[in-house]
Amino acid sequence: MDDLRQVVTEIVEEVCTKRGLNEKPSVEEGEWLTREEVCDMLHITYTTLWRKENEGVIKKHKMGRRNLYSKKEVMDIFSSEMESAGKGII
């Protein structure tokens, strides 16, 4: 029974490693934003944020029951939206 458990554990770890599932986002101050912070930064509603998640524009990371967003990804989206808005004005 212990041998079977060990083999299953090794297989699961190998599959998780290959798919990048072992990488857990760190929750250091300033690296992650909450849903409210993202909506404030991008000046969008929760519904728009949900739509952007479904479209694949922004990726959410589950931490327990919370959705957190990479500050770097959000800043990239923010800067790209600012550039596209600037091009429309010119």
# chains A, B, ... in the order shown; residues from 1 in each chain; ligands from 1
$ residues_around --residues "region 56-61 of chain A" --least-positions-apart "2" --cutoff "10 Å" --atoms "only C-alpha atoms" --output "MDAnalysis selection string"
chainID A and resid 24:25 32:35 49:54 63:64 66:70 73:74 76:77
$ write_last_selection --atoms "N, CA and C atoms" --output "PDB file, in the first residue's frame"
ATOM      1  N   LYS A  24       3.479  28.152  -7.128  1.00  0.00           N
ATOM      2  CA  LYS A  24       2.468  28.850  -6.344  1.00  0.00           C
ATOM      3  C   LYS A  24       2.850  30.318  -6.298  1.00  0.00           C
ATOM      4  N   PRO A  25       1.881  31.179  -6.630  1.00  0.00           N
ATOM      5  CA  PRO A  25       2.206  32.599  -6.574  1.00  0.00           C
ATOM      6  C   PRO A  25       2.520  33.033  -5.158  1.00  0.00           C
ATOM      7  N   TRP A  32       0.667  41.429  -5.907  1.00  0.00           N
ATOM      8  CA  TRP A  32      -0.664  40.978  -6.306  1.00  0.00           C
ATOM      9  C   TRP A  32      -1.705  42.036  -5.984  1.00  0.00           C
ATOM     10  N   LEU A  33      -2.713  42.093  -6.837  1.00  0.00           N
ATOM     11  CA  LEU A  33      -3.794  43.051  -6.667  1.00  0.00           C
ATOM     12  C   LEU A  33      -5.107  42.304  -6.468  1.00  0.00           C
ATOM     13  N   THR A  34      -6.002  42.899  -5.688  1.00  0.00           N
ATOM     14  CA  THR A  34      -7.330  42.341  -5.515  1.00  0.00           C
ATOM     15  C   THR A  34      -8.209  42.773  -6.683  1.00  0.00           C
ATOM     16  N   ARG A  35      -9.382  42.193  -6.750  1.00  0.00           N
ATOM     17  CA  ARG A  35     -10.342  42.533  -7.793  1.00  0.00           C
ATOM     18  C   ARG A  35     -10.678  44.021  -7.746  1.00  0.00           C
ATOM     19  N   LEU A  49     -14.302  43.228 -15.750  1.00  0.00           N
ATOM     20  CA  LEU A  49     -13.152  42.420 -15.340  1.00  0.00           C
ATOM     21  C   LEU A  49     -13.433  40.942 -15.580  1.00  0.00           C
ATOM     22  N   TRP A  50     -14.620  40.508 -15.229  1.00  0.00           N
ATOM     23  CA  TRP A  50     -15.020  39.113 -15.442  1.00  0.00           C
ATOM     24  C   TRP A  50     -14.977  38.781 -16.932  1.00  0.00           C
ATOM     25  N   ARG A  51     -15.466  39.693 -17.761  1.00  0.00           N
ATOM     26  CA  ARG A  51     -15.471  39.491 -19.210  1.00  0.00           C
ATOM     27  C   ARG A  51     -14.044  39.405 -19.740  1.00  0.00           C
ATOM     28  N   LYS A  52     -13.156  40.278 -19.252  1.00  0.00           N
ATOM     29  CA  LYS A  52     -11.752  40.250 -19.687  1.00  0.00           C
ATOM     30  C   LYS A  52     -11.073  38.937 -19.276  1.00  0.00           C
ATOM     31  N   GLU A  53     -11.459  38.385 -18.116  1.00  0.00           N
ATOM     32  CA  GLU A  53     -10.925  37.090 -17.693  1.00  0.00           C
ATOM     33  C   GLU A  53     -11.365  36.001 -18.665  1.00  0.00           C
ATOM     34  N   ASN A  54     -12.641  36.009 -19.028  1.00  0.00           N
ATOM     35  CA  ASN A  54     -13.172  34.987 -19.939  1.00  0.00           C
ATOM     36  C   ASN A  54     -12.598  35.111 -21.348  1.00  0.00           C
ATOM     37  N   MET A  63      -6.210  32.109  -4.865  1.00  0.00           N
ATOM     38  CA  MET A  63      -5.514  31.935  -3.592  1.00  0.00           C
ATOM     39  C   MET A  63      -6.590  31.651  -2.567  1.00  0.00           C
ATOM     40  N   GLY A  64      -6.838  30.371  -2.323  1.00  0.00           N
ATOM     41  CA  GLY A  64      -7.957  30.009  -1.470  1.00  0.00           C
ATOM     42  C   GLY A  64      -9.242  30.330  -2.201  1.00  0.00           C
ATOM     43  N   ARG A  66      -9.999  33.540  -2.888  1.00  0.00           N
ATOM     44  CA  ARG A  66      -9.795  34.880  -3.445  1.00  0.00           C
ATOM     45  C   ARG A  66      -9.192  34.813  -4.841  1.00  0.00           C
ATOM     46  N   ASN A  67      -9.567  35.759  -5.667  1.00  0.00           N
ATOM     47  CA  ASN A  67      -8.940  35.936  -6.967  1.00  0.00           C
ATOM     48  C   ASN A  67      -7.932  37.068  -6.830  1.00  0.00           C
ATOM     49  N   LEU A  68      -6.692  36.780  -7.182  1.00  0.00           N
ATOM     50  CA  LEU A  68      -5.661  37.804  -7.174  1.00  0.00           C
ATOM     51  C   LEU A  68      -5.105  37.930  -8.584  1.00  0.00           C
ATOM     52  N   TYR A  69      -4.589  39.112  -8.884  1.00  0.00           N
ATOM     53  CA  TYR A  69      -4.107  39.413 -10.218  1.00  0.00           C
ATOM     54  C   TYR A  69      -2.674  39.906 -10.119  1.00  0.00           C
ATOM     55  N   SER A  70      -1.849  39.461 -11.042  1.00  0.00           N
ATOM     56  CA  SER A  70      -0.448  39.874 -11.066  1.00  0.00           C
ATOM     57  C   SER A  70      -0.368  41.364 -11.374  1.00  0.00           C
ATOM     58  N   GLU A  73       1.070  42.001 -14.872  1.00  0.00           N
ATOM     59  CA  GLU A  73       0.127  41.777 -15.966  1.00  0.00           C
ATOM     60  C   GLU A  73      -0.872  42.921 -16.067  1.00  0.00           C
ATOM     61  N   VAL A  74      -1.363  43.388 -14.935  1.00  0.00           N
ATOM     62  CA  VAL A  74      -2.338  44.475 -14.933  1.00  0.00           C
ATOM     63  C   VAL A  74      -1.686  45.753 -15.444  1.00  0.00           C
ATOM     64  N   ASP A  76       0.788  45.936 -17.527  1.00  0.00           N
ATOM     65  CA  ASP A  76       0.965  45.770 -18.972  1.00  0.00           C
ATOM     66  C   ASP A  76      -0.337  46.083 -19.709  1.00  0.00           C
ATOM     67  N   ILE A  77      -1.451  45.599 -19.177  1.00  0.00           N
ATOM     68  CA  ILE A  77      -2.759  45.874 -19.787  1.00  0.00           C
ATOM     69  C   ILE A  77      -3.056  47.359 -19.712  1.00  0.00           C
TER      70      ILE A  77
END
$ residues_around --residues "Met41 (chain A)" --least-positions-apart "5" --cutoff "9 Å" --atoms "only C-alpha atoms" --output "list in words"
Glu36, Val74, Met75 and Phe78 of chain A
$ atom_distance --atom1 "CA of Met82 (chain A)" --atom2 "CA of Leu42 (chain A)"
9.8 Å
$ residues_around --residues "Cys39 (chain A)" --least-positions-apart "6" --cutoff "9 Å" --atoms "only C-alpha atoms" --output "list in words"
Thr45, Tyr46, Thr48 and Leu49 of chain A
$ write_last_selection --atoms "all heavy atoms" --output "CSV table (one decimal), in the first residue's frame"
chain,number,residue,atom,x,y,z
A,45,THR,N,-15.7,48.0,-14.4
A,45,THR,CA,-16.6,47.4,-13.4
A,45,THR,C,-16.2,46.0,-13.2
A,45,THR,O,-15.4,45.4,-14.0
A,45,THR,CB,-18.0,47.5,-13.9
A,45,THR,OG1,-18.2,46.7,-15.1
A,45,THR,CG2,-18.5,48.9,-14.2
A,46,TYR,N,-16.8,45.4,-12.2
A,46,TYR,CA,-16.5,43.9,-11.9
A,46,TYR,C,-16.9,43.1,-13.1
A,46,TYR,O,-16.3,42.1,-13.4
A,46,TYR,CB,-17.2,43.5,-10.6
A,46,TYR,CG,-16.8,44.1,-9.4
A,46,TYR,CD1,-17.7,44.5,-8.4
A,46,TYR,CD2,-15.4,44.5,-9.1
A,46,TYR,CE1,-17.3,45.1,-7.2
A,46,TYR,CE2,-15.0,45.1,-8.0
A,46,TYR,CZ,-16.0,45.4,-7.0
A,46,TYR,OH,-15.5,46.0,-5.9
A,48,THR,N,-16.9,43.9,-16.3
A,48,THR,CA,-16.0,44.0,-17.3
A,48,THR,C,-14.7,43.2,-17.0
A,48,THR,O,-14.1,42.6,-17.9
A,48,THR,CB,-15.6,45.5,-17.5
A,48,THR,OG1,-16.8,46.2,-17.8
A,48,THR,CG2,-14.6,45.7,-18.7
A,49,LEU,N,-14.3,43.2,-15.8
A,49,LEU,CA,-13.2,42.4,-15.3
A,49,LEU,C,-13.4,40.9,-15.6
A,49,LEU,O,-12.6,40.2,-16.1
A,49,LEU,CB,-12.8,42.7,-13.9
A,49,LEU,CG,-11.6,41.9,-13.3
A,49,LEU,CD1,-10.4,42.1,-14.1
A,49,LEU,CD2,-11.5,42.1,-11.8
$ atom_distance --atom1 "CA of Asp40 (chain A)" --atom2 "CA of Lys62 (chain A)"
19.8 Å
